[in-house]
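Peer 1: Next comes the structure file run30.pdb, holding PDB, C-alpha atoms and all ligand atoms.
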MODEL        1
ATOM      1  CA  MET S   1      19.116  39.122  19.640
ATOM      2  CA  ILE S   2      15.903  37.189  20.085
ATOM      3  CA  SER S   3      14.957  36.576  23.665
ATOM      4  CA  VAL S   4      13.331  33.181  24.290
ATOM      5  CA  ASP S   5      11.418  32.601  27.459
ATOM      6  CA  ALA S   6      10.176  29.224  28.702
ATOM      7  CA  ALA S   7       6.565  29.609  27.496
ATOM      8  CA  TRP S   8       7.639  30.533  23.968
ATOM      9  CA  ALA S   9      10.104  27.633  23.826
ATOM     10  CA  VAL S  10       7.511  25.098  25.002
ATOM     11  CA  SER S  11       4.848  26.402  22.636
ATOM     12  CA  SER S  12       7.198  26.346  19.644
ATOM     13  CA  TYR S  13       8.328  22.816  20.581
ATOM     14  CA  ILE S  14       4.707  21.619  20.682
ATOM     15  CA  PHE S  15       3.846  23.476  17.472
ATOM     16  CA  PHE S  16       6.698  21.952  15.463
ATOM     17  CA  GLY S  17       6.055  18.510  16.930
ATOM     18  CA  LEU S  18       2.397  18.619  15.932
ATOM     19  CA  ALA S  19       3.276  20.037  12.513
ATOM     20  CA  LEU S  20       5.668  17.152  11.932
ATOM     21  CA  VAL S  21       3.114  14.513  12.993
ATOM     22  CA  ILE S  22       0.280  16.042  10.958
ATOM     23  CA  GLY S  23       2.558  16.486   7.935
ATOM     24  CA  LYS S  24       3.625  12.849   8.009
ATOM     25  CA  TRP S  25       0.018  11.731   8.542
ATOM     26  CA  ILE S  26      -1.138  13.662   5.473
ATOM     27  CA  PHE S  27       1.822  12.405   3.414
ATOM     28  CA  TYR S  28       1.282   8.718   4.206
ATOM     29  CA  ASN S  29      -2.507   8.887   3.844
ATOM     30  CA  SER S  30      -2.368  10.660   0.498
ATOM     31  CA  ASN S  31       0.213   8.245  -0.970
ATOM     32  CA  GLY S  32      -0.872   5.057   0.794
ATOM     33  CA  ASP S  33      -4.345   4.799  -0.704
ATOM     34  CA  LYS S  34      -3.141   5.203  -4.252
ATOM     35  CA  GLU S  35      -0.381   2.643  -3.778
ATOM     36  CA  ILE S  36      -2.704   0.065  -2.246
ATOM     37  CA  PHE S  37      -5.256   0.663  -5.002
ATOM     38  CA  GLU S  38      -2.621   0.195  -7.705
ATOM     39  CA  ARG S  39      -1.341  -2.960  -6.092
ATOM     40  CA  SER S  40      -4.839  -4.432  -5.708
ATOM     41  CA  GLU S  41      -5.221  -4.589  -9.493
ATOM     42  CA  PHE S  42      -2.529  -7.266  -9.550
ATOM     43  CA  LEU S  43      -3.743  -9.146  -6.501
ATOM     44  CA  GLU S  44      -4.689 -12.753  -7.209
ATOM     45  CA  GLN S  45      -6.027 -15.481  -4.973
ATOM     46  CA  CYS S  46      -5.417 -19.181  -5.370
ATOM     47  CA  PRO S  47      -8.777 -21.014  -5.411
ATOM     48  CA  TYR S  48      -7.219 -24.155  -3.890
ATOM     49  CA  CYS S  49      -5.260 -22.877  -0.899
ATOM     50  CA  THR S  50      -6.695 -19.294  -0.783
ATOM     51  CA  HIS S  51      -3.185 -17.833  -0.779
ATOM     52  CA  LEU S  52      -3.036 -14.181  -1.858
ATOM     53  CA  PHE S  53      -0.192 -13.112  -4.104
ATOM     54  CA  PHE S  54       0.700 -10.365  -6.550
ATOM     55  CA  ASP S  55       0.978 -11.149 -10.258
ATOM     56  CA  TYR S  56       2.489  -8.170 -12.068
ATOM     57  CA  GLN S  57       3.037 -10.023 -15.355
ATOM     58  CA  ARG S  58      -0.700 -10.544 -15.968
ATOM     59  CA  SER S  59       0.001 -13.831 -17.765
ATOM     60  CA  HIS S  60      -2.722 -16.321 -18.636
ATOM     61  CA  LEU S  61      -0.991 -19.158 -16.818
ATOM     62  CA  LYS S  62      -0.129 -18.476 -13.206
ATOM     63  CA  VAL S  63       1.539 -20.646 -10.598
ATOM     64  CA  CYS S  64       0.559 -20.324  -6.970
ATOM     65  CA  PRO S  65       3.719 -19.588  -4.957
ATOM     66  CA  ARG S  66       2.498 -21.603  -1.980
ATOM     67  CA  CYS S  67       0.953 -24.815  -3.350
ATOM     68  CA  GLN S  68       2.519 -24.659  -6.851
ATOM     69  CA  SER S  69      -0.886 -25.223  -8.503
ATOM     70  CA  TYR S  70      -1.347 -24.028 -12.048
ATOM     71  CA  LEU S  71      -4.037 -21.401 -12.360
ATOM     72  CA  SER S  72      -5.313 -20.432 -15.784
ATOM     73  CA  VAL S  73      -7.304 -17.311 -16.406
ATOM     74  CA  ASN S  74      -9.079 -16.976 -19.737
ATOM     75  CA  PRO S  75      -9.119 -13.559 -21.437
ATOM     76  CA  GLY S  76     -12.006 -11.508 -20.210
ATOM     77  CA  GLU S  77     -12.244 -13.573 -17.062
ATOM     78  CA  GLY S  78     -10.662 -13.022 -13.732
ATOM     79  CA  ARG S  79     -10.585 -10.335 -11.152
ATOM     80  CA  LYS S  80     -12.113  -7.019 -12.121
ATOM     81  CA  PRO S  81     -10.654  -3.887 -10.578
TER      82      PRO S  81
HETATM   83 ZN    ZN X 101      -2.356 -22.206  -3.914
ENDMDL
END
Written as structure tokens, how would this file's structure read?

Peer 2:
Amino acid sequence: MISVDAAWAVSSYIFFGLALVIGKWIFYNSNGDKEIFERSEFLEQCPYCTHLFFDYQRSHLKVCPRCQSYLSVNPGEGRKP
């Protein structure tokens, strides 16, 4: 039988709490940067209303979701990653 006194219980509670917080911090920081970087490749901005939106189809003719303006991007032009 393992005897648990108050000091050991408090120290283990703090240790596992900190381990959980630091583990989640490392997990979200390591995955969050890559995800934001991958999403930023598809980020487009409307030159008329400055609305930011994601365009995953990478088509040459885009429509702004806010002002419904047609935006054309020629090949070789546009946002560079
Ligand atoms: Zn717009």

Peer 1: Output as a tab-separated table one row per residue of chain S within 8 Å of ligand ZN 101 (chain X): the closest atom pair and its distance in Å to one decimal place, counting only C-alpha atoms and all ligand atoms, sorted by chain and residue number ascending.

Peer 2:
residue	atom	partner	partner_atom	distance
S:Gln45	CA	X:ZN101	ZN	7.7
S:Cys46	CA	X:ZN101	ZN	4.5
S:Pro47	CA	X:ZN101	ZN	6.7
S:Tyr48	CA	X:ZN101	ZN	5.2
S:Cys49	CA	X:ZN101	ZN	4.2
S:Thr50	CA	X:ZN101	ZN	6.1
S:His51	CA	X:ZN101	ZN	5.4
S:Val63	CA	X:ZN101	ZN	7.9
S:Cys64	CA	X:ZN101	ZN	4.6
S:Pro65	CA	X:ZN101	ZN	6.7
S:Arg66	CA	X:ZN101	ZN	5.3
S:Cys67	CA	X:ZN101	ZN	4.3
S:Gln68	CA	X:ZN101	ZN	6.2
S:Ser69	CA	X:ZN101	ZN	5.7

Peer 1: Run the PyMOL selection byres (((chain S and resi 53) around 6) and not hetatm) against the file shown and list the residues it catches, as a CSV table (one decimal) with C-alpha atoms, in the coordinates of the input.

Peer 2:
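That gives us selection-v3.csv:
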chain,number,residue,atom,x,y,z
S,43,LEU,CA,-3.7,-9.1,-6.5
S,44,GLU,CA,-4.7,-12.8,-7.2
S,52,LEU,CA,-3.0,-14.2,-1.9
S,54,PHE,CA,0.7,-10.4,-6.6

Peer 1: Expressed in Å to a single decimal, how great is the separation between CA of Tyr56 (chain S) and CA of Glu41 (chain S)?

Peer 2: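 For CA of Tyr56 (chain S) relative to CA of Glu41 (chain S), the distance reads 8.9 Å.
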
Peer 1: Out of S:Asn29, S:Ser12, S:Ser3, S:Ser72, which residue has the shortest atom-to-atom distance to His60 (chain S) when counting only C-alpha atoms?

Peer 2: S:Ser72

Peer 1: What is the CA of Gln57 (chain S)-CA of Leu71 (chain S) distance in Å, reported with one decimal?

Peer 2: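 Computing the Euclidean distance for CA of Gln57 (chain S) and CA of Leu71 (chain S) yields 13.7 Å.
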
Peer 1: Extending 8 Å beyond the listed atoms of region 14-17 of chain S on each side, what axis-aligned box results? I want centre and edge lengths in Å to one decimal, as lines of an AutoDock Vina configuration file.

Peer 2:
center_x = 5.3
center_y = 21.0
center_z = 18.1
size_x = 18.9
size_y = 21.0
size_z = 21.2
